[in-house]
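Student: Structure below; questions to follow.
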Amino acid sequence: MPIVFHVPPTDLTASNTLGLSCKARHVVELTSRDQLARVSQRARESGQTLVLGAGSNVVLPEHLSGLVVRVALRGITLVEASPDAWVIDVAGGENWHDFVRMTVANGWNGLENMALIPGTVGAAPVQNIGAYGIELDTRIESVTAWHIPEGKIVEFNRADCGFHYRDSLFKRAGLGQWIILSVRFILPRPWQPVLAYPDLLRHPILSAIPVAEVKASQIFDAVCEIRRTKLPDPAVLGNAGSFFKNPVVSTEKFKALKTLFPGLVAYQQPGQTYKLAAGWMIEQAGWKGRRVGRVGVHTHQALVLVNYGQATAGELLALARSVQQSVLQQFGVTLEIEPVVVAGQGLEAEHCLHIK
Ligand code: EPU
């Protein structure tokens, strides 16, 4: 399979859901595993490497001089259908939502709560996506990845992936080192609907059906509907979903905050900790719906920062820093940026409190 290294520069503005203007010098499209050795060779020559799926969880600088690898590997295979589980292998370049829709259509239930999350299957374990009561890592059996520096395939079982809330080893120290080639999902049978998330509990259609009769397709539809009302469509308004993580604090900190702010929204976590709804705090700090030049805080969901058009990463991160400072001042809580911020020209570390 020939490999095409694009002649520079390539415009990646349409290749990241925030729609940030970005020009890259070396871009390669990965369509076959046969090309991997050449990618590693090229990466060694280029220095910094960025592996790009659908660009739905990245903040890109205005200029990228390193190698950009766009993963376009395809294929979905049902490898096991036992009474205990459906096991499915999916290539990293497949679209996440299309894959979830296919599983529900085939009766391979268990991913429906994560419908309509933008991005590719390969990017899903990197940030360990999750929504409406299900975190991706609970549905993963293994991940097959190419280690770019050493030029070899490595098989990770779930425990080896270093999964945490919106985090994995691929996102932390391993950033730019791994190309996720495929993900093996394990969907336990018999299927149990997950309906405990407040938005699902109060959904008019779901709440009217006895739990034993709820179908995965109904959860899929409800999640799509909820997400469409709260989250902006990146095709219409540039965004990367939640721009901040929901911070996890100790019980003491939670109790102290709850006394000061009785309306504080928080969820108890294992290990005597509480996850605070950052969106609520950002809204209380007066940021919801505010626009600063070409960027702003979304009108319906304060956790989402948006690009009104032609914004740069610097502008977006300056807004993020203002939001972080307000929340720190009012609540004494540090908000951590959720997407991967890619270093490069036009993006200096002082733009934000936390930069990966
Ligand atoms: N809230 C506000 N104001 C806001 C936003 C939220 O008061 O502007 C309150 C809500 O009323 C609710 C609470 O905060 O009581 C939580 O809000 P929501 O249920 O919308 O969820 P979230 O914490 O904002 C998280 C994920 C989303 C995921 C939803 C649903 C993170 C960082 N975000 O958002 O994931 O879709 O839960 O499970 O964990 C993403 O990661 O990109 C993402 C969209």
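We label chains A, B, ... in the order they appear in the structure tokens, count residues from 1 in each chain, and number ligands from 1 in the order shown.
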So that I can check the secondary structure, give me every residue of range 19-49 of chain A assigned alpha helix (DSSP H) by backbone DSSP, as a ChimeraX atom specification.

Tutor: /A:36-46

Student: Next, dump the selected residues to file, keeping only N, CA and C atoms, as a PDB file, in the first residue's frame.

Tutor:
ATOM      1  N   LEU A  36       2.830   1.324   8.636  1.00  0.00           N
ATOM      2  CA  LEU A  36       3.258   1.754   9.971  1.00  0.00           C
ATOM      3  C   LEU A  36       4.771   1.962  10.094  1.00  0.00           C
ATOM      4  N   ALA A  37       5.547   1.058   9.509  1.00  0.00           N
ATOM      5  CA  ALA A  37       7.005   1.177   9.643  1.00  0.00           C
ATOM      6  C   ALA A  37       7.497   2.495   9.034  1.00  0.00           C
ATOM      7  N   ARG A  38       6.902   2.858   7.896  1.00  0.00           N
ATOM      8  CA  ARG A  38       7.278   4.119   7.238  1.00  0.00           C
ATOM      9  C   ARG A  38       6.889   5.317   8.101  1.00  0.00           C
ATOM     10  N   VAL A  39       5.747   5.208   8.782  1.00  0.00           N
ATOM     11  CA  VAL A  39       5.302   6.298   9.656  1.00  0.00           C
ATOM     12  C   VAL A  39       6.309   6.487  10.790  1.00  0.00           C
ATOM     13  N   SER A  40       6.756   5.375  11.372  1.00  0.00           N
ATOM     14  CA  SER A  40       7.738   5.476  12.472  1.00  0.00           C
ATOM     15  C   SER A  40       9.028   6.122  11.986  1.00  0.00           C
ATOM     16  N   GLN A  41       9.453   5.715  10.798  1.00  0.00           N
ATOM     17  CA  GLN A  41      10.687   6.277  10.236  1.00  0.00           C
ATOM     18  C   GLN A  41      10.538   7.793  10.055  1.00  0.00           C
ATOM     19  N   ARG A  42       9.386   8.172   9.490  1.00  0.00           N
ATOM     20  CA  ARG A  42       9.146   9.587   9.244  1.00  0.00           C
ATOM     21  C   ARG A  42       9.023  10.372  10.559  1.00  0.00           C
ATOM     22  N   ALA A  43       8.415   9.729  11.563  1.00  0.00           N
ATOM     23  CA  ALA A  43       8.240  10.379  12.873  1.00  0.00           C
ATOM     24  C   ALA A  43       9.599  10.664  13.503  1.00  0.00           C
ATOM     25  N   ARG A  44      10.527   9.732  13.347  1.00  0.00           N
ATOM     26  CA  ARG A  44      11.873   9.930  13.915  1.00  0.00           C
ATOM     27  C   ARG A  44      12.544  11.142  13.273  1.00  0.00           C
ATOM     28  N   GLU A  45      12.307  11.336  11.974  1.00  0.00           N
ATOM     29  CA  GLU A  45      12.908  12.478  11.269  1.00  0.00           C
ATOM     30  C   GLU A  45      12.233  13.797  11.661  1.00  0.00           C
ATOM     31  N   SER A  46      10.921  13.722  11.997  1.00  0.00           N
ATOM     32  CA  SER A  46      10.149  14.951  12.208  1.00  0.00           C
ATOM     33  C   SER A  46      10.163  15.449  13.650  1.00  0.00           C
TER      34      SER A  46
END

Student: Residues within 6 Å of ligand 1, counting only C-alpha atoms and all ligand atoms: report them as a VMD selection string.

Tutor: chain A and resid 131 to 132 241 to 242 244 to 246 265 277 279 to 280 283 301 to 303

Student: Using only C-alpha atoms for the distances, tell me which of A:Pro118, A:Gly344, A:Pro83, A:Pro234 is nearest to Gln48 in chain A.

Tutor: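 For Gln48 in chain A, the nearest of the candidates is A:Gly344.
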
Student: Quick one: everything within 7 Å of Gly93 in chain A, counting only C-alpha atoms, minus sequence neighbours fewer than 2 positions away in the same chain. Send it as JSON, numbers by chain.

Tutor: {"A": [53, 71, 72, 73, 74, 91, 95, 120, 121, 122]}

Student: With C-alpha atoms retained, could you export that selection as a tab-separated table (two decimals), in the first residue's frame?

Tutor:
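New file again29.tsv:
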chain	number	residue	atom	x	y	z
A	53	GLY	CA	-8.60	10.91	14.71
A	71	VAL	CA	-5.83	7.47	11.19
A	72	ALA	CA	-8.17	6.12	8.51
A	73	LEU	CA	-8.09	2.38	9.36
A	74	ARG	CA	-11.46	0.70	8.81
A	91	ALA	CA	-10.46	-0.46	13.66
A	95	ASN	CA	-16.53	6.75	13.41
A	120	THR	CA	-13.17	8.00	16.15
A	121	VAL	CA	-13.07	4.60	17.83
A	122	GLY	CA	-9.29	4.90	18.18

Student: Measure the distance from CA of Pro247 in chain A to CA of Leu276 in chain A in Å and round it to one decimal.

Tutor: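 Going from CA of Pro247 in chain A over to CA of Leu276 in chain A covers 5.6 Å.
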
Student: Separation of CA of Glu315 in chain A and CA of Glu29 in chain A, in Å?

Tutor: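 Value for the CA of Glu315 in chain A-CA of Glu29 in chain A distance: 29.1 Å.
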
Student: Among range 113-255 of chain A, which ones does DSSP place in strand (DSSP E), written as number ranges by chain?

Tutor: A: 130-131, 134-135, 140-147, 152-157, 178-188, 238-242, 248-250

Student: Keeping N, CA, C and O atoms, export the residues of the selection given above as a CSV table (one decimal), in the first residue's frame.

Tutor:
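Result saved to again_29.csv:
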chain,number,residue,atom,x,y,z
A,130,GLY,N,-17.0,8.9,28.1
A,130,GLY,CA,-18.0,8.4,29.0
A,130,GLY,C,-19.2,9.4,28.9
A,130,GLY,O,-19.0,10.6,28.7
A,131,ALA,N,-20.4,8.8,29.1
A,131,ALA,CA,-21.6,9.7,29.2
A,131,ALA,C,-22.8,8.9,29.7
A,131,ALA,O,-22.9,7.7,29.5
A,134,ILE,N,-22.2,5.6,31.7
A,134,ILE,CA,-21.3,4.5,31.2
A,134,ILE,C,-19.9,5.1,30.8
A,134,ILE,O,-19.9,6.1,30.1
A,135,GLU,N,-18.9,4.5,31.4
A,135,GLU,CA,-17.5,5.0,31.0
A,135,GLU,C,-17.0,3.9,30.1
A,135,GLU,O,-17.2,2.7,30.3
A,140,ILE,N,-14.3,-2.2,27.5
A,140,ILE,CA,-13.1,-2.6,26.7
A,140,ILE,C,-12.5,-3.9,27.2
A,140,ILE,O,-12.3,-4.0,28.4
A,141,GLU,N,-12.2,-4.8,26.2
A,141,GLU,CA,-11.4,-5.9,26.6
A,141,GLU,C,-9.9,-5.7,26.4
A,141,GLU,O,-9.1,-6.0,27.3
A,142,SER,N,-9.6,-5.1,25.2
A,142,SER,CA,-8.2,-4.9,25.0
A,142,SER,C,-8.0,-3.8,23.9
A,142,SER,O,-9.0,-3.5,23.2
A,143,VAL,N,-6.8,-3.3,23.8
A,143,VAL,CA,-6.5,-2.2,22.8
A,143,VAL,C,-5.2,-2.7,22.1
A,143,VAL,O,-4.2,-3.1,22.7
A,144,THR,N,-5.2,-2.6,20.8
A,144,THR,CA,-4.0,-2.9,20.0
A,144,THR,C,-3.5,-1.6,19.4
A,144,THR,O,-4.2,-0.9,18.8
A,145,ALA,N,-2.2,-1.4,19.7
A,145,ALA,CA,-1.6,-0.1,19.4
A,145,ALA,C,-0.2,-0.2,18.8
A,145,ALA,O,0.5,-1.2,19.1
A,146,TRP,N,0.1,0.7,17.9
A,146,TRP,CA,1.5,0.8,17.3
A,146,TRP,C,2.3,1.8,18.2
A,146,TRP,O,1.9,2.9,18.3
A,147,HIS,N,3.4,1.3,18.7
A,147,HIS,CA,4.3,2.2,19.4
A,147,HIS,C,5.3,2.9,18.4
A,147,HIS,O,6.1,2.2,17.8
A,152,LYS,N,6.7,-1.0,16.9
A,152,LYS,CA,6.1,-2.3,17.1
A,152,LYS,C,4.7,-2.3,17.6
A,152,LYS,O,4.3,-1.3,18.2
A,153,ILE,N,4.0,-3.4,17.4
A,153,ILE,CA,2.6,-3.5,17.8
A,153,ILE,C,2.6,-4.0,19.3
A,153,ILE,O,3.3,-5.0,19.6
A,154,VAL,N,1.8,-3.4,20.1
A,154,VAL,CA,1.6,-3.8,21.5
A,154,VAL,C,0.2,-4.0,21.8
A,154,VAL,O,-0.7,-3.2,21.4
A,155,GLU,N,-0.1,-5.1,22.5
A,155,GLU,CA,-1.5,-5.5,22.9
A,155,GLU,C,-1.7,-5.1,24.4
A,155,GLU,O,-0.9,-5.5,25.2
A,156,PHE,N,-2.7,-4.3,24.7
A,156,PHE,CA,-2.9,-3.9,26.1
A,156,PHE,C,-4.2,-4.5,26.5
A,156,PHE,O,-5.2,-4.4,25.8
A,157,ASN,N,-4.2,-5.2,27.7
A,157,ASN,CA,-5.5,-5.6,28.2
A,157,ASN,C,-6.0,-4.4,29.0
A,157,ASN,O,-5.3,-3.4,29.1
A,178,TRP,N,1.6,6.6,20.5
A,178,TRP,CA,0.8,5.4,20.2
A,178,TRP,C,-0.2,5.7,19.1
A,178,TRP,O,-0.9,6.8,19.1
A,179,ILE,N,-0.4,4.8,18.1
A,179,ILE,CA,-1.5,4.9,17.2
A,179,ILE,C,-2.4,3.7,17.6
A,179,ILE,O,-2.0,2.5,17.6
A,180,ILE,N,-3.6,4.0,17.9
A,180,ILE,CA,-4.6,2.9,18.3
A,180,ILE,C,-5.0,2.3,17.0
A,180,ILE,O,-5.7,2.9,16.2
A,181,LEU,N,-4.7,1.1,16.8
A,181,LEU,CA,-5.0,0.4,15.6
A,181,LEU,C,-6.4,-0.2,15.6
A,181,LEU,O,-7.2,-0.1,14.7
A,182,SER,N,-6.7,-0.9,16.8
A,182,SER,CA,-8.0,-1.4,16.9
A,182,SER,C,-8.4,-1.6,18.4
A,182,SER,O,-7.5,-1.6,19.3
A,183,VAL,N,-9.7,-1.6,18.7
A,183,VAL,CA,-10.2,-1.7,20.0
A,183,VAL,C,-11.1,-3.0,20.1
A,183,VAL,O,-11.9,-3.1,19.2
A,184,ARG,N,-10.9,-3.8,21.1
A,184,ARG,CA,-11.8,-5.0,21.2
A,184,ARG,C,-12.8,-4.7,22.4
A,184,ARG,O,-12.4,-4.4,23.5
A,185,PHE,N,-14.1,-4.6,22.0
A,185,PHE,CA,-15.1,-4.3,23.0
A,185,PHE,C,-15.7,-5.6,23.5
A,185,PHE,O,-15.8,-6.6,22.7
A,186,ILE,N,-16.1,-5.6,24.8
A,186,ILE,CA,-16.8,-6.8,25.3
A,186,ILE,C,-18.1,-6.3,26.0
A,186,ILE,O,-18.0,-5.4,26.9
A,187,LEU,N,-19.2,-6.7,25.4
A,187,LEU,CA,-20.5,-6.2,25.9
A,187,LEU,C,-21.2,-7.3,26.6
A,187,LEU,O,-21.7,-8.3,25.9
A,188,PRO,N,-21.3,-7.3,27.9
A,188,PRO,CA,-21.8,-8.4,28.7
A,188,PRO,C,-23.3,-8.7,28.4
A,188,PRO,O,-24.1,-7.8,28.2
A,238,GLY,N,-18.1,25.5,16.3
A,238,GLY,CA,-16.9,24.8,16.7
A,238,GLY,C,-16.8,24.6,18.2
A,238,GLY,O,-17.0,25.5,19.0
A,239,ASN,N,-16.5,23.3,18.6
A,239,ASN,CA,-16.4,23.0,20.0
A,239,ASN,C,-15.7,21.6,20.2
A,239,ASN,O,-15.7,20.9,19.2
A,240,ALA,N,-15.3,21.3,21.4
A,240,ALA,CA,-14.7,20.0,21.7
A,240,ALA,C,-15.4,19.3,22.8
A,240,ALA,O,-14.8,18.7,23.7
A,241,GLY,N,-16.7,19.5,22.9
A,241,GLY,CA,-17.4,18.9,24.0
A,241,GLY,C,-17.0,19.6,25.3
A,241,GLY,O,-16.7,20.8,25.3
A,242,SER,N,-17.0,18.9,26.4
A,242,SER,CA,-16.6,19.5,27.7
A,242,SER,C,-15.2,20.0,27.6
A,242,SER,O,-14.3,19.2,27.2
A,248,VAL,N,-12.5,16.5,41.0
A,248,VAL,CA,-12.8,15.5,42.1
A,248,VAL,C,-12.2,16.1,43.4
A,248,VAL,O,-11.0,16.4,43.3
A,249,VAL,N,-13.0,16.2,44.4
A,249,VAL,CA,-12.4,16.8,45.7
A,249,VAL,C,-12.7,15.9,46.8
A,249,VAL,O,-13.5,14.9,46.8
A,250,SER,N,-12.1,16.1,48.0
A,250,SER,CA,-12.3,15.3,49.2
A,250,SER,C,-13.7,15.6,49.8
A,250,SER,O,-14.3,16.6,49.5

Student: Smallest atom-to-atom distance to Lys215 in chain A: which of A:Ala105, A:Val327, A:Leu317, A:Val69, using only C-alpha atoms?

Tutor: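 Nearest candidate to Lys215 in chain A out of A:Ala105, A:Val327, A:Leu317, A:Val69: A:Ala105.
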
Student: Which residues of range 98-130 of chain A sit at most 12 Å from range 227-233 of chain A, using only C-alpha atoms? Give each one's shortest atom pair and distance in Å (one decimal place), in chain and ascending residue order, as a Markdown table.

Tutor:
| residue | atom | partner | partner_atom | distance |
| --- | --- | --- | --- | --- |
| A:Asn113 | CA | A:Arg227 | CA | 10.7 |
| A:Met114 | CA | A:Arg227 | CA | 10.1 |
| A:Ala115 | CA | A:Arg227 | CA | 8.8 |
| A:Leu116 | CA | A:Arg227 | CA | 7.4 |
| A:Ile117 | CA | A:Arg227 | CA | 8.7 |
| A:Pro118 | CA | A:Asp233 | CA | 9.3 |

Student: Taking into account only C-alpha atoms, which residue in the set A:Val341, A:Leu20, A:Val194, A:Asp34 is nearest to Arg294 in chain A?

Tutor: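 Among the listed residues, the smallest separation from Arg294 in chain A belongs to A:Leu20.
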
Student: For Leu319 in chain A, which of A:Leu169, A:Arg291, A:Val340, A:Arg101 is the closest residue, counting only C-alpha atoms?

Tutor: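 Of all the options, A:Arg291 lies closest to Leu319 in chain A.
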
Student: So the first atom is CA of Val51 in chain A and the second is CA of Thr312 in chain A; what is the distance between them in Å, to one decimal place?

Tutor: 20.2 Å

Student: Could you pull the residues within 7 Å of Pro339 in chain A, counting only C-alpha atoms, minus those fewer than 3 positions along the same chain, as a list in words?

Tutor: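 Listing them by chain and then by number gives Asn57, Val58, Val59 and Phe243 of chain A.
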
Student: Next, dump the selected residues to file, keeping only N, CA and C atoms, as a CSV table (one decimal), in the first residue's frame.

Tutor:
chain,number,residue,atom,x,y,z
A,57,ASN,N,-11.1,16.2,20.2
A,57,ASN,CA,-10.7,16.5,21.5
A,57,ASN,C,-9.3,17.1,21.6
A,58,VAL,N,-9.0,17.9,20.6
A,58,VAL,CA,-7.7,18.6,20.6
A,58,VAL,C,-7.8,20.1,20.4
A,59,VAL,N,-6.8,20.8,21.0
A,59,VAL,CA,-6.7,22.2,20.7
A,59,VAL,C,-5.4,22.4,19.9
A,243,PHE,N,-15.0,21.3,27.9
A,243,PHE,CA,-13.6,21.8,27.8
A,243,PHE,C,-12.9,21.6,29.1

Student: So which residues touch Leu328 in chain A within 12 Å, counting only C-alpha atoms, skipping near sequence neighbours fewer than 4 positions away, as a PDB file with all heavy atoms, in the first residue's frame?

Tutor:
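Saved the output as around.pdb:
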ATOM      1  N   PRO A 247     -14.068  18.461  38.439  1.00  0.00           N
ATOM      2  CA  PRO A 247     -13.011  18.208  39.426  1.00  0.00           C
ATOM      3  C   PRO A 247     -13.452  17.270  40.545  1.00  0.00           C
ATOM      4  O   PRO A 247     -14.615  17.294  40.960  1.00  0.00           O
ATOM      5  CB  PRO A 247     -12.705  19.604  39.978  1.00  0.00           C
ATOM      6  CG  PRO A 247     -13.892  20.422  39.675  1.00  0.00           C
ATOM      7  CD  PRO A 247     -14.537  19.862  38.456  1.00  0.00           C
ATOM      8  N   ALA A 278     -18.576  20.971  37.117  1.00  0.00           N
ATOM      9  CA  ALA A 278     -17.862  22.198  36.757  1.00  0.00           C
ATOM     10  C   ALA A 278     -18.793  23.166  36.029  1.00  0.00           C
ATOM     11  O   ALA A 278     -18.697  24.381  36.210  1.00  0.00           O
ATOM     12  CB  ALA A 278     -16.652  21.854  35.888  1.00  0.00           C
ATOM     13  N   MET A 281     -20.558  25.391  38.416  1.00  0.00           N
ATOM     14  CA  MET A 281     -19.688  26.427  39.007  1.00  0.00           C
ATOM     15  C   MET A 281     -19.396  27.527  37.986  1.00  0.00           C
ATOM     16  O   MET A 281     -19.385  28.715  38.329  1.00  0.00           O
ATOM     17  CB  MET A 281     -18.381  25.789  39.505  1.00  0.00           C
ATOM     18  CG  MET A 281     -18.592  24.881  40.695  1.00  0.00           C
ATOM     19  SD  MET A 281     -17.044  24.359  41.478  1.00  0.00           S
ATOM     20  CE  MET A 281     -16.475  23.154  40.307  1.00  0.00           C
ATOM     21  N   ILE A 282     -19.164  27.130  36.741  1.00  0.00           N
ATOM     22  CA  ILE A 282     -18.861  28.130  35.695  1.00  0.00           C
ATOM     23  C   ILE A 282     -20.081  29.032  35.478  1.00  0.00           C
ATOM     24  O   ILE A 282     -19.963  30.248  35.333  1.00  0.00           O
ATOM     25  CB  ILE A 282     -18.430  27.425  34.377  1.00  0.00           C
ATOM     26  CG1 ILE A 282     -17.142  26.624  34.610  1.00  0.00           C
ATOM     27  CG2 ILE A 282     -18.223  28.432  33.254  1.00  0.00           C
ATOM     28  CD1 ILE A 282     -16.779  25.675  33.467  1.00  0.00           C
ATOM     29  N   ALA A 285     -20.348  31.422  38.262  1.00  0.00           N
ATOM     30  CA  ALA A 285     -19.320  32.465  38.153  1.00  0.00           C
ATOM     31  C   ALA A 285     -19.665  33.470  37.047  1.00  0.00           C
ATOM     32  O   ALA A 285     -18.886  34.389  36.765  1.00  0.00           O
ATOM     33  CB  ALA A 285     -17.953  31.823  37.904  1.00  0.00           C
ATOM     34  N   ARG A 321      -8.474  30.376  30.548  1.00  0.00           N
ATOM     35  CA  ARG A 321      -7.749  30.824  31.741  1.00  0.00           C
ATOM     36  C   ARG A 321      -8.620  31.767  32.578  1.00  0.00           C
ATOM     37  O   ARG A 321      -8.644  31.680  33.800  1.00  0.00           O
ATOM     38  CB  ARG A 321      -6.446  31.526  31.348  1.00  0.00           C
ATOM     39  CG  ARG A 321      -5.646  31.904  32.583  1.00  0.00           C
ATOM     40  CD  ARG A 321      -4.259  32.305  32.256  1.00  0.00           C
ATOM     41  NE  ARG A 321      -4.236  33.517  31.435  1.00  0.00           N
ATOM     42  CZ  ARG A 321      -3.154  34.253  31.277  1.00  0.00           C
ATOM     43  NH1 ARG A 321      -2.030  33.914  31.849  1.00  0.00           N
ATOM     44  NH2 ARG A 321      -3.180  35.319  30.521  1.00  0.00           N
ATOM     45  N   SER A 322      -9.367  32.648  31.912  1.00  0.00           N
ATOM     46  CA  SER A 322     -10.255  33.548  32.661  1.00  0.00           C
ATOM     47  C   SER A 322     -11.301  32.750  33.427  1.00  0.00           C
ATOM     48  O   SER A 322     -11.606  33.045  34.583  1.00  0.00           O
ATOM     49  CB  SER A 322     -10.967  34.521  31.716  1.00  0.00           C
ATOM     50  OG  SER A 322     -10.037  35.271  31.002  1.00  0.00           O
ATOM     51  N   VAL A 323     -11.856  31.723  32.773  1.00  0.00           N
ATOM     52  CA  VAL A 323     -12.873  30.883  33.423  1.00  0.00           C
ATOM     53  C   VAL A 323     -12.232  30.167  34.621  1.00  0.00           C
ATOM     54  O   VAL A 323     -12.794  30.146  35.723  1.00  0.00           O
ATOM     55  CB  VAL A 323     -13.468  29.860  32.421  1.00  0.00           C
ATOM     56  CG1 VAL A 323     -14.334  28.836  33.123  1.00  0.00           C
ATOM     57  CG2 VAL A 323     -14.264  30.576  31.325  1.00  0.00           C
ATOM     58  N   GLN A 324     -11.051  29.620  34.405  1.00  0.00           N
ATOM     59  CA  GLN A 324     -10.358  28.899  35.493  1.00  0.00           C
ATOM     60  C   GLN A 324     -10.117  29.830  36.678  1.00  0.00           C
ATOM     61  O   GLN A 324     -10.316  29.442  37.837  1.00  0.00           O
ATOM     62  CB  GLN A 324      -9.016  28.356  34.985  1.00  0.00           C
ATOM     63  CG  GLN A 324      -9.143  27.152  34.069  1.00  0.00           C
ATOM     64  CD  GLN A 324      -7.800  26.773  33.438  1.00  0.00           C
ATOM     65  OE1 GLN A 324      -7.053  27.627  32.979  1.00  0.00           O
ATOM     66  NE2 GLN A 324      -7.503  25.486  33.410  1.00  0.00           N
ATOM     67  N   GLY A 332     -12.453  28.119  45.057  1.00  0.00           N
ATOM     68  CA  GLY A 332     -11.202  27.519  45.521  1.00  0.00           C
ATOM     69  C   GLY A 332     -10.925  26.186  44.859  1.00  0.00           C
ATOM     70  O   GLY A 332     -10.249  25.324  45.409  1.00  0.00           O
ATOM     71  N   VAL A 333     -11.460  25.994  43.641  1.00  0.00           N
ATOM     72  CA  VAL A 333     -11.301  24.717  42.931  1.00  0.00           C
ATOM     73  C   VAL A 333     -10.604  24.983  41.596  1.00  0.00           C
ATOM     74  O   VAL A 333     -10.967  25.904  40.871  1.00  0.00           O
ATOM     75  CB  VAL A 333     -12.692  24.066  42.663  1.00  0.00           C
ATOM     76  CG1 VAL A 333     -12.549  22.845  41.789  1.00  0.00           C
ATOM     77  CG2 VAL A 333     -13.379  23.716  43.973  1.00  0.00           C
ATOM     78  N   THR A 334      -9.598  24.161  41.308  1.00  0.00           N
ATOM     79  CA  THR A 334      -8.876  24.305  40.041  1.00  0.00           C
ATOM     80  C   THR A 334      -9.521  23.440  38.973  1.00  0.00           C
ATOM     81  O   THR A 334      -9.689  22.237  39.155  1.00  0.00           O
ATOM     82  CB  THR A 334      -7.403  23.876  40.230  1.00  0.00           C
ATOM     83  OG1 THR A 334      -6.825  24.716  41.228  1.00  0.00           O
ATOM     84  CG2 THR A 334      -6.611  24.018  38.942  1.00  0.00           C
ATOM     85  N   LEU A 335      -9.872  24.052  37.861  1.00  0.00           N
ATOM     86  CA  LEU A 335     -10.447  23.286  36.740  1.00  0.00           C
ATOM     87  C   LEU A 335      -9.325  22.856  35.803  1.00  0.00           C
ATOM     88  O   LEU A 335      -8.498  23.673  35.402  1.00  0.00           O
ATOM     89  CB  LEU A 335     -11.443  24.137  35.956  1.00  0.00           C
ATOM     90  CG  LEU A 335     -12.725  24.554  36.659  1.00  0.00           C
ATOM     91  CD1 LEU A 335     -13.632  25.287  35.675  1.00  0.00           C
ATOM     92  CD2 LEU A 335     -13.453  23.346  37.243  1.00  0.00           C
ATOM     93  N   GLU A 336      -9.366  21.601  35.424  1.00  0.00           N
ATOM     94  CA  GLU A 336      -8.347  21.085  34.503  1.00  0.00           C
ATOM     95  C   GLU A 336      -8.930  21.000  33.098  1.00  0.00           C
ATOM     96  O   GLU A 336     -10.079  20.556  32.920  1.00  0.00           O
ATOM     97  CB  GLU A 336      -7.918  19.694  34.971  1.00  0.00           C
ATOM     98  CG  GLU A 336      -6.653  19.210  34.312  1.00  0.00           C
ATOM     99  CD  GLU A 336      -6.269  17.804  34.776  1.00  0.00           C
ATOM    100  OE1 GLU A 336      -6.632  17.426  35.900  1.00  0.00           O
ATOM    101  OE2 GLU A 336      -5.643  17.094  33.985  1.00  0.00           O
ATOM    102  N   LEU A 353      -3.805  27.333  32.886  1.00  0.00           N
ATOM    103  CA  LEU A 353      -3.251  26.788  34.122  1.00  0.00           C
ATOM    104  C   LEU A 353      -2.715  25.378  33.920  1.00  0.00           C
ATOM    105  O   LEU A 353      -1.728  24.993  34.509  1.00  0.00           O
ATOM    106  CB  LEU A 353      -4.326  26.754  35.217  1.00  0.00           C
ATOM    107  CG  LEU A 353      -4.825  28.103  35.722  1.00  0.00           C
ATOM    108  CD1 LEU A 353      -5.918  27.892  36.751  1.00  0.00           C
ATOM    109  CD2 LEU A 353      -3.695  28.903  36.351  1.00  0.00           C
TER     110      LEU A 353
END
